[in-house]
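Engineer: For reference, this is structure-v8.tsv, and it has TSV, C-alpha atoms and all ligand atoms.
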chain	number	residue	atom	x	y	z
A	1	MET	CA	-53.14	3.23	-45.76
A	2	SER	CA	-49.59	3.12	-44.44
A	3	PRO	CA	-48.69	-0.02	-42.48
A	4	THR	CA	-48.68	0.01	-38.70
A	5	PHE	CA	-45.46	-0.62	-36.80
A	6	THR	CA	-46.46	-4.22	-36.12
A	7	THR	CA	-47.49	-4.91	-39.72
A	8	ALA	CA	-44.27	-3.43	-41.09
A	9	LYS	CA	-42.19	-5.39	-38.57
A	10	THR	CA	-44.01	-8.67	-39.24
A	11	SER	CA	-43.66	-8.33	-42.99
A	12	LEU	CA	-39.86	-7.83	-42.72
A	13	ARG	CA	-39.64	-10.72	-40.27
A	14	ARG	CA	-41.39	-12.94	-42.82
A	15	ARG	CA	-39.00	-11.91	-45.58
A	16	PHE	CA	-35.73	-11.80	-43.67
A	17	GLY	CA	-36.33	-14.06	-40.64
A	18	LEU	CA	-33.81	-13.67	-37.82
A	19	LEU	CA	-31.93	-11.01	-39.76
A	20	ALA	CA	-34.86	-8.55	-39.96
A	21	PRO	CA	-33.73	-6.51	-36.92
A	22	TYR	CA	-30.21	-6.31	-38.41
A	23	LEU	CA	-31.09	-4.98	-41.87
A	24	PRO	CA	-29.50	-1.54	-41.35
A	25	GLU	CA	-26.29	-3.25	-40.11
A	26	LEU	CA	-26.28	-5.59	-43.14
A	27	VAL	CA	-26.55	-2.63	-45.48
A	28	ALA	CA	-23.76	-0.89	-43.53
A	29	ILE	CA	-21.53	-3.98	-43.95
A	30	ARG	CA	-22.28	-4.17	-47.64
A	31	HIS	CA	-21.07	-0.58	-48.05
A	32	ASP	CA	-18.04	-0.96	-45.77
A	33	LEU	CA	-19.41	1.29	-43.03
A	34	ARG	CA	-19.13	-1.60	-40.64
A	35	THR	CA	-16.95	-4.71	-40.49
A	36	ALA	CA	-19.22	-7.40	-39.07
A	37	LEU	CA	-22.31	-8.32	-37.11
A	38	GLN	CA	-22.91	-11.25	-34.84
A	39	VAL	CA	-26.17	-13.11	-34.29
A	40	THR	CA	-26.53	-15.68	-31.52
A	41	VAL	CA	-28.70	-18.67	-32.41
A	42	PRO	CA	-29.54	-21.41	-29.87
A	43	LEU	CA	-28.16	-24.81	-31.02
A	44	VAL	CA	-31.66	-26.25	-31.13
A	45	GLY	CA	-32.74	-23.69	-33.74
A	46	TRP	CA	-29.64	-24.03	-35.88
A	47	PRO	CA	-30.79	-26.83	-38.27
A	48	VAL	CA	-33.49	-24.45	-39.54
A	49	GLU	CA	-31.76	-21.08	-39.14
A	50	GLY	CA	-28.28	-22.08	-40.34
A	51	PRO	CA	-29.25	-22.87	-43.96
A	52	ARG	CA	-31.45	-19.72	-44.07
A	53	LEU	CA	-28.57	-17.51	-42.95
A	54	GLN	CA	-26.24	-19.20	-45.44
A	55	SER	CA	-28.67	-18.71	-48.29
A	56	PHE	CA	-29.17	-15.03	-47.38
A	57	CYS	CA	-25.41	-14.43	-47.28
A	58	ASP	CA	-24.89	-16.21	-50.63
A	59	ARG	CA	-27.51	-14.00	-52.26
A	60	ALA	CA	-26.23	-10.79	-50.66
A	61	GLY	CA	-22.57	-11.49	-51.44
A	62	LEU	CA	-21.65	-11.69	-47.73
A	63	THR	CA	-19.63	-14.26	-45.78
A	64	LEU	CA	-21.08	-16.35	-42.94
A	65	GLU	CA	-18.77	-17.84	-40.29
A	66	VAL	CA	-20.08	-19.97	-37.46
A	67	HIS	CA	-18.54	-20.57	-34.03
A	68	THR	CA	-20.03	-22.78	-31.31
A	69	ARG	CA	-19.97	-21.16	-27.85
A	70	GLY	CA	-21.73	-22.83	-24.93
A	71	GLY	CA	-25.24	-23.77	-25.94
A	72	SER	CA	-25.41	-21.55	-29.00
A	73	GLN	CA	-23.99	-20.77	-32.40
A	74	LYS	CA	-22.39	-17.40	-33.01
A	75	ALA	CA	-23.13	-16.51	-36.62
A	76	VAL	CA	-20.70	-13.83	-37.79
A	77	ILE	CA	-21.57	-12.02	-41.01
A	78	SER	CA	-19.01	-9.86	-42.82
A	79	ARG	CA	-17.94	-8.97	-46.36
A	80	ASN	CA	-14.96	-11.28	-46.65
A	81	GLY	CA	-14.76	-13.31	-43.44
A	82	LEU	CA	-12.99	-12.43	-40.19
A	83	GLY	CA	-11.49	-15.76	-39.06
A	84	VAL	CA	-12.24	-14.92	-35.41
A	85	VAL	CA	-15.20	-14.27	-33.12
A	86	PRO	CA	-15.47	-10.49	-32.80
A	87	ASP	CA	-15.20	-9.22	-29.25
A	88	ALA	CA	-17.08	-6.12	-28.16
A	89	GLY	CA	-15.50	-6.25	-24.69
A	90	THR	CA	-13.18	-3.29	-25.10
A	91	ALA	CA	-13.63	0.12	-26.68
A	92	GLY	CA	-11.06	-0.57	-29.41
A	93	GLU	CA	-12.53	-3.94	-30.34
A	94	ALA	CA	-16.12	-2.69	-30.44
A	95	GLY	CA	-14.98	0.18	-32.65
A	96	ARG	CA	-13.07	-2.17	-34.93
A	97	TRP	CA	-15.72	-4.82	-35.48
A	98	PHE	CA	-18.97	-2.95	-35.09
A	99	SER	CA	-17.88	0.59	-35.98
A	100	TYR	CA	-19.19	2.08	-32.75
A	101	PRO	CA	-17.87	5.62	-32.28
A	102	THR	CA	-15.08	5.84	-29.68
A	103	CYS	CA	-16.85	8.59	-27.69
A	104	CYS	CA	-19.90	6.34	-27.26
A	105	VAL	CA	-17.97	3.16	-26.41
A	106	GLU	CA	-15.91	5.05	-23.83
A	107	ALA	CA	-19.05	6.55	-22.28
A	108	TYR	CA	-20.57	3.07	-22.05
A	109	THR	CA	-17.53	1.20	-20.70
A	110	SER	CA	-16.83	3.95	-18.15
A	111	GLN	CA	-19.95	2.76	-16.33
A	112	GLY	CA	-17.96	-0.27	-15.17
A	113	PRO	CA	-16.89	-3.64	-16.52
A	114	LYS	CA	-20.05	-5.54	-15.61
A	115	ARG	CA	-22.82	-5.75	-18.23
A	116	THR	CA	-26.22	-6.01	-16.60
A	117	GLY	CA	-29.74	-4.91	-17.36
A	118	ASP	CA	-29.07	-2.00	-15.02
A	119	ASP	CA	-26.56	-0.61	-17.51
A	120	PHE	CA	-29.29	-0.47	-20.13
A	121	VAL	CA	-31.86	1.02	-17.77
A	122	ASN	CA	-29.51	3.61	-16.28
A	123	ARG	CA	-28.04	4.55	-19.63
A	124	MET	CA	-31.47	5.25	-21.13
A	125	HIS	CA	-32.43	7.25	-18.03
A	126	THR	CA	-29.28	9.41	-18.31
A	127	LEU	CA	-29.72	9.89	-22.06
A	128	VAL	CA	-33.30	11.06	-21.60
A	129	VAL	CA	-32.56	13.36	-18.65
A	130	ASP	CA	-29.77	15.05	-20.64
A	131	ALA	CA	-31.64	15.04	-23.98
A	132	PRO	CA	-32.03	18.24	-26.01
A	133	ASP	CA	-35.57	19.61	-26.44
A	134	ARG	CA	-35.82	18.31	-29.98
A	135	ILE	CA	-33.80	15.31	-31.09
A	136	ASP	CA	-32.60	14.41	-34.56
A	137	PHE	CA	-34.68	11.36	-35.53
A	138	ARG	CA	-31.54	9.62	-36.75
A	139	LEU	CA	-30.50	9.40	-33.08
A	140	ASN	CA	-33.76	7.79	-31.89
A	141	PRO	CA	-32.53	5.07	-29.49
A	142	PHE	CA	-35.93	3.47	-28.83
A	143	LEU	CA	-36.24	1.33	-31.97
A	144	ARG	CA	-32.93	-0.50	-31.81
A	145	THR	CA	-34.38	-4.03	-31.60
A	146	SER	CA	-36.77	-3.45	-34.52
A	147	PRO	CA	-35.56	-3.07	-38.14
A	148	PHE	CA	-36.29	0.69	-37.95
A	149	HIS	CA	-33.06	2.06	-36.48
A	150	LEU	CA	-29.83	3.53	-37.85
A	151	PHE	CA	-27.40	2.36	-35.13
A	152	LYS	CA	-27.33	-0.33	-32.45
A	153	HIS	CA	-24.96	1.07	-29.82
A	154	PHE	CA	-25.68	3.33	-26.86
A	155	PRO	CA	-24.79	6.84	-28.02
A	156	CYS	CA	-22.81	8.97	-25.54
A	157	SER	CA	-25.62	11.52	-25.84
A	158	LEU	CA	-28.76	12.11	-27.92
A	159	GLY	CA	-26.79	14.80	-29.74
A	160	CYS	CA	-23.63	12.72	-30.46
A	161	GLU	CA	-22.07	14.00	-33.69
A	162	ALA	CA	-20.14	10.81	-34.49
A	163	THR	CA	-23.33	8.74	-34.19
A	164	THR	CA	-25.27	11.24	-36.31
A	165	GLU	CA	-22.64	11.01	-39.03
A	166	LEU	CA	-22.62	7.21	-38.99
A	167	ALA	CA	-26.44	7.13	-38.91
A	168	GLU	CA	-26.66	9.50	-41.87
A	169	ARG	CA	-24.31	7.40	-44.00
A	170	THR	CA	-26.34	4.27	-43.17
A	171	ARG	CA	-29.58	6.14	-43.90
A	172	ALA	CA	-28.40	7.24	-47.35
A	173	HIS	CA	-27.53	3.64	-48.33
A	174	LEU	CA	-30.82	2.32	-46.93
A	175	GLU	CA	-32.75	4.86	-48.99
A	176	ARG	CA	-31.24	3.34	-52.14
A	177	ASP	CA	-31.05	-0.34	-51.15
A	178	LEU	CA	-34.27	-0.78	-49.15
A	179	PRO	CA	-36.57	2.18	-49.90
A	180	GLU	CA	-39.62	0.71	-48.16
A	181	LEU	CA	-37.71	0.09	-44.97
A	182	HIS	CA	-36.26	3.60	-45.24
A	183	ALA	CA	-39.72	5.18	-45.56
A	184	ALA	CA	-41.02	3.25	-42.54
A	185	LEU	CA	-37.91	4.11	-40.54
A	186	GLN	CA	-38.37	7.83	-41.17
A	187	ARG	CA	-41.97	7.70	-40.07
A	188	PHE	CA	-41.52	5.53	-36.95
A	189	GLY	CA	-38.25	7.23	-35.97
A	190	ARG	CA	-39.93	10.66	-36.06
A	191	SER	CA	-42.80	9.53	-33.80
A	192	PRO	CA	-42.60	11.33	-30.44
A	193	VAL	CA	-41.77	9.00	-27.54
A	194	LEU	CA	-43.43	8.98	-24.14
A	195	PHE	CA	-40.63	7.96	-21.76
A	196	LEU	CA	-41.91	6.54	-18.47
A	197	ASP	CA	-38.56	5.57	-16.95
A	198	SER	CA	-39.70	1.95	-16.80
A	199	CYS	CA	-36.75	-0.36	-17.54
A	200	GLY	CA	-35.47	2.04	-20.22
A	201	ARG	CA	-38.39	1.50	-22.61
A	202	GLY	CA	-40.48	4.09	-24.41
A	203	LEU	CA	-43.93	4.33	-25.99
A	204	SER	CA	-43.87	5.79	-29.50
A	205	LEU	CA	-46.86	7.82	-30.69
A	206	ASP	CA	-47.48	7.15	-34.36
A	207	SER	CA	-48.65	10.07	-36.53
A	208	ALA	CA	-48.45	12.55	-33.68
A	209	ARG	CA	-47.92	16.07	-35.01
A	210	SER	CA	-44.59	17.53	-34.04
A	211	ASP	CA	-45.93	21.12	-33.83
A	212	GLN	CA	-47.93	20.16	-30.75
A	213	ASN	CA	-46.59	19.71	-27.26
A	214	ALA	CA	-47.47	17.47	-24.38
A	215	SER	CA	-48.58	20.21	-21.99
A	216	ASP	CA	-51.21	21.54	-24.44
A	217	GLY	CA	-52.32	18.18	-25.79
A	218	LEU	CA	-50.61	15.84	-28.20
A	219	ALA	CA	-52.85	14.06	-30.71
A	220	TYR	CA	-51.77	10.68	-32.12
A	221	GLU	CA	-53.23	7.79	-34.10
A	222	ALA	CA	-51.55	4.75	-32.59
A	223	VAL	CA	-49.07	3.70	-29.93
A	224	PHE	CA	-46.26	1.18	-30.33
A	225	THR	CA	-43.18	0.02	-28.49
A	226	ASP	CA	-40.06	-1.74	-29.59
A	227	GLY	CA	-39.63	-3.52	-26.28
A	228	ASP	CA	-41.85	-4.67	-23.47
A	229	PRO	CA	-40.19	-3.62	-20.18
A	230	THR	CA	-41.08	-7.03	-18.66
A	231	ALA	CA	-38.08	-8.57	-20.42
A	232	GLN	CA	-35.67	-6.17	-18.64
A	233	LEU	CA	-37.23	-6.40	-15.19
A	234	GLY	CA	-35.25	-9.41	-13.91
A	235	ARG	CA	-32.02	-7.63	-14.80
A	236	SER	CA	-32.79	-4.23	-13.33
A	237	GLN	CA	-32.33	-3.38	-9.66
A	238	ARG	CA	-33.90	0.04	-10.13
A	239	HIS	CA	-37.31	-1.22	-11.14
A	240	THR	CA	-40.22	-3.15	-9.71
A	241	GLN	CA	-43.17	-5.08	-11.03
A	242	GLU	CA	-45.33	-2.00	-10.27
A	243	ASP	CA	-43.30	0.08	-12.74
A	244	VAL	CA	-43.84	-2.48	-15.46
A	245	ASP	CA	-47.54	-2.88	-14.62
A	246	GLN	CA	-48.02	0.88	-14.85
A	247	PHE	CA	-46.19	1.02	-18.20
A	248	LEU	CA	-48.48	-1.69	-19.59
A	249	ARG	CA	-51.62	0.00	-18.22
A	250	ILE	CA	-50.57	3.30	-19.82
A	251	GLN	CA	-49.85	1.54	-23.12
A	252	GLU	CA	-53.31	-0.05	-23.00
A	253	ALA	CA	-55.03	3.26	-22.17
A	254	LEU	CA	-53.13	5.05	-24.98
A	255	ALA	CA	-54.37	2.41	-27.42
A	256	THR	CA	-57.96	3.41	-26.64
A	257	GLY	CA	-57.28	7.16	-26.77
A	258	ASP	CA	-56.25	9.72	-29.39
A	259	ALA	CA	-54.51	12.48	-27.40
A	260	LEU	CA	-52.54	13.00	-24.21
A	261	THR	CA	-51.43	15.77	-21.92
A	262	LEU	CA	-48.48	15.53	-19.54
A	263	VAL	CA	-48.17	18.33	-16.98
A	264	ALA	CA	-46.02	18.14	-13.86
A	265	GLY	CA	-46.09	14.37	-13.53
A	266	THR	CA	-49.79	13.94	-14.31
A	267	LEU	CA	-50.64	12.15	-17.53
A	268	HIS	CA	-54.14	12.44	-18.94
A	269	ILE	CA	-55.21	10.25	-21.85
A	270	LEU	CA	-58.14	11.51	-23.92
A	271	SER	CA	-60.44	10.15	-26.58
A	272	ASP	CA	-62.60	12.62	-28.54
A	273	THR	CA	-61.70	15.14	-25.80
A	274	ASP	CA	-63.19	12.87	-23.09
A	275	ARG	CA	-60.78	11.72	-20.42
A	276	VAL	CA	-60.02	7.97	-20.69
A	277	ALA	CA	-57.49	7.66	-17.89
A	278	THR	CA	-55.19	9.59	-15.56
A	279	PHE	CA	-51.84	8.41	-14.22
A	280	GLU	CA	-49.49	9.94	-11.66
A	281	ARG	CA	-45.74	9.68	-11.95
A	282	PRO	CA	-44.18	7.69	-9.07
A	283	ASP	CA	-41.59	9.51	-6.92
A	284	GLY	CA	-38.08	9.53	-8.31
A	285	ARG	CA	-39.07	8.71	-11.89
A	286	VAL	CA	-38.67	10.86	-14.99
A	287	TRP	CA	-41.63	11.13	-17.36
A	288	LYS	CA	-41.01	13.04	-20.53
A	289	VAL	CA	-42.27	13.33	-24.10
A	290	LEU	CA	-39.31	13.32	-26.48
A	291	ASP	CA	-39.77	15.13	-29.75
A	292	PHE	CA	-37.89	13.86	-32.82
A	293	TRP	CA	-37.50	15.98	-35.96
A	301	ZN	ZN	-20.67	9.47	-29.08
Kindly transcribe the structure held in the file into structure tokens.

Structural biologist:
Amino acid sequence: MSPTFTTAKTSLRRRFGLLAPYLPELVAIRHDLRTALQVTVPLVGWPVEGPRLQSFCDRAGLTLEVHTRGGSQKAVISRNGLGVVPDAGTAGEAGRWFSYPTCCVEAYTSQGPKRTGDDFVNRMHTLVVDAPDRIDFRLNPFLRTSPFHLFKHFPCSLGCEATTELAERTRAHLERDLPELHAALQRFGRSPVLFLDSCGRGLSLDSARSDQNASDGLAYEAVFTDGDPTAQLGRSQRHTQEDVDQFLRIQEALATGDALTLVAGTLHILSDTDRVATFERPDGRVWKVLDFW
């Protein structure tokens, strides 16, 4: 039986620790698709994490540089060392250190200089509203904090060519360097996503068949999410506790069901064709099933 999202994530976490969610970036650095990545580790965790990161870098032929900032350590990983703390504050710098496409960085920074949770929430909302009917799975933006993604930045659109090109080059290297991760990434990344406009998060439907659609009934085997919206709530002015509560109730109902229909803002969740639960979309929210191919 193929591993569930949680099992696959836990097993990589056990093997790679803190670096598990950065595996695609590490492979990209190794193959010169990207200059560096930066991991923030609280000072209190450093005595354990520091030696682990060092040992990983030694084995992988990468360079670890550490800078203390405030109450944390900035661990910078690159091929040959940078000598500075990379700064993602401007479009040019983010492009230089993290290889984010210029079109995407400009789209993100044009939202204003202040980085808040609202940026994340509003950006995901805009991306979903403007999304094509079927999205290339390599552009799936919902798995960015798990190991199963091909880019970490906010794309300028879910059809961005520069991101697709970068994602494809990373994918090809992952297929050779980490074939198990690559297989899991293809499966999870192609899972349709139920977007509920709750703090920018989505609910992925594992093993749902892509030839079905949400108005006729979409069958699935399991539901998973890369991020609980609760963590974003304190940073989002657009959302309330009710939004998050509804997201969690829908996630729970989906876990007991095996199919859903979404028609005009009404979501039915079914199990063996019996109705398990019904939810109504709140005013002003976008609910959508996104199909990845
Ligand atoms: Zn772009």

Engineer: List all protein, DNA and RNA residues that have any atom at most 7 Å from ligand ZN 301 (chain A), counting only C-alpha atoms and all ligand atoms, and write the list as a list in words.

Structural biologist: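 Every residue with an atom at most 7 Å from ligand ZN 301 (chain A) is listed here: Pro101, Thr102, Cys103, Cys104, Pro155, Cys156, Ser157, Cys160, Glu161, Ala162 and Thr163 of chain A.
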
Engineer: Can you pull out every residue within 9 Å of region 171-175 of chain A, counting only C-alpha atoms, but drop anything in the same chain fewer than 4 positions away, and send it as a PyMOL selection string?

Structural biologist: chain A and resi 23-24+27-28+31+138+150+166-167+179-183

Engineer: When you draw a straight line from CA of Leu62 (chain A) to CA of Phe188 (chain A), how long is it in Å?

Structural biologist: 28.4 Å

Engineer: I'd like the contact shell of region 254-269 of chain A - 10 Å cut-off, only C-alpha atoms, skipping same-chain residues fewer than 5 positions apart - returned as a ChimeraX atom specification.

Structural biologist: /A:194,203,205,208,213-224,248-249,274-283,285-289

Engineer: Using only C-alpha atoms, which of A:Leu64, A:Leu19, A:Ile250, A:Leu158 sits nearest Asn140 (chain A)?

Structural biologist: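 Checking each candidate against Asn140 (chain A), we get A:Leu158 as the closest.
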
Engineer: Counting only C-alpha atoms, which of A:Thr4, A:Thr225, A:Thr230, A:Gln111 gets nearest to Thr145 (chain A)?

Structural biologist: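 Of all the options, A:Thr225 lies closest to Thr145 (chain A).
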
Engineer: Hey, which of A:Val41, A:Ala107, A:Leu139, A:Ala36 ends up closest to Arg69 (chain A)? Count all atoms listed in the file.

Structural biologist: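 With all atoms listed in the file as the atom set, the closest residue is A:Val41.
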
Engineer: Could you work out how far CA of Gly159 (chain A) lies from CA of Gln186 (chain A), giving the answer in Å with one decimal?

Structural biologist: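 It comes out at 17.7 Å.
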
Engineer: Which is closer to Arg52 (chain A) than all the others in A:Gly17, A:Leu26, A:His149, A:Ile77, using all atoms listed in the file?

Structural biologist: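 Using all atoms listed in the file, the shortest distance to Arg52 (chain A) belongs to A:Gly17.
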
Engineer: Please provide the set of residues having any atom within 9 Å of Val128 (chain A), restricted to all atoms listed in the file, with same-chain residues fewer than 2 positions apart removed, written as JSON, numbers by chain.

Structural biologist: {"A": [123, 124, 125, 126, 130, 131, 132, 157, 158, 195, 197, 286, 288, 290]}

Engineer: So how far away is CA of Pro147 (chain A) from CA of Tyr22 (chain A), in Å?

Structural biologist: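 These two atoms are separated by 6.3 Å.
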
Engineer: Could you give me, as an MDAnalysis selection string, the residues within 9 Å of Arg144 (chain A), counting all atoms listed in the file and dropping anything in the same chain fewer than 5 positions from it?

Structural biologist: chainID A and resid 21 149:153 226

Engineer: Which one of A:Thr35, A:Ser55, A:Thr170, A:Gln251 sits closest to Gly81 (chain A) if you count all atoms listed in the file?

Structural biologist: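 For Gly81 (chain A), the nearest of the candidates is A:Thr35.
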
Engineer: Might you pull out every residue within 12 Å of Ser78 (chain A), with only C-alpha atoms counted and same-chain residues fewer than 3 positions away left off, and present them as a PyMOL selection string?

Structural biologist: chain A and resi 25-39+57-58+60-66+75+81-86+97-98

Engineer: Rank A:Phe148, A:Phe154, A:Phe120, A:Trp46 by their smallest atom-to-atom distance to Gln232 (chain A), using only C-alpha atoms, and report the top residue only.

Structural biologist: A:Phe120
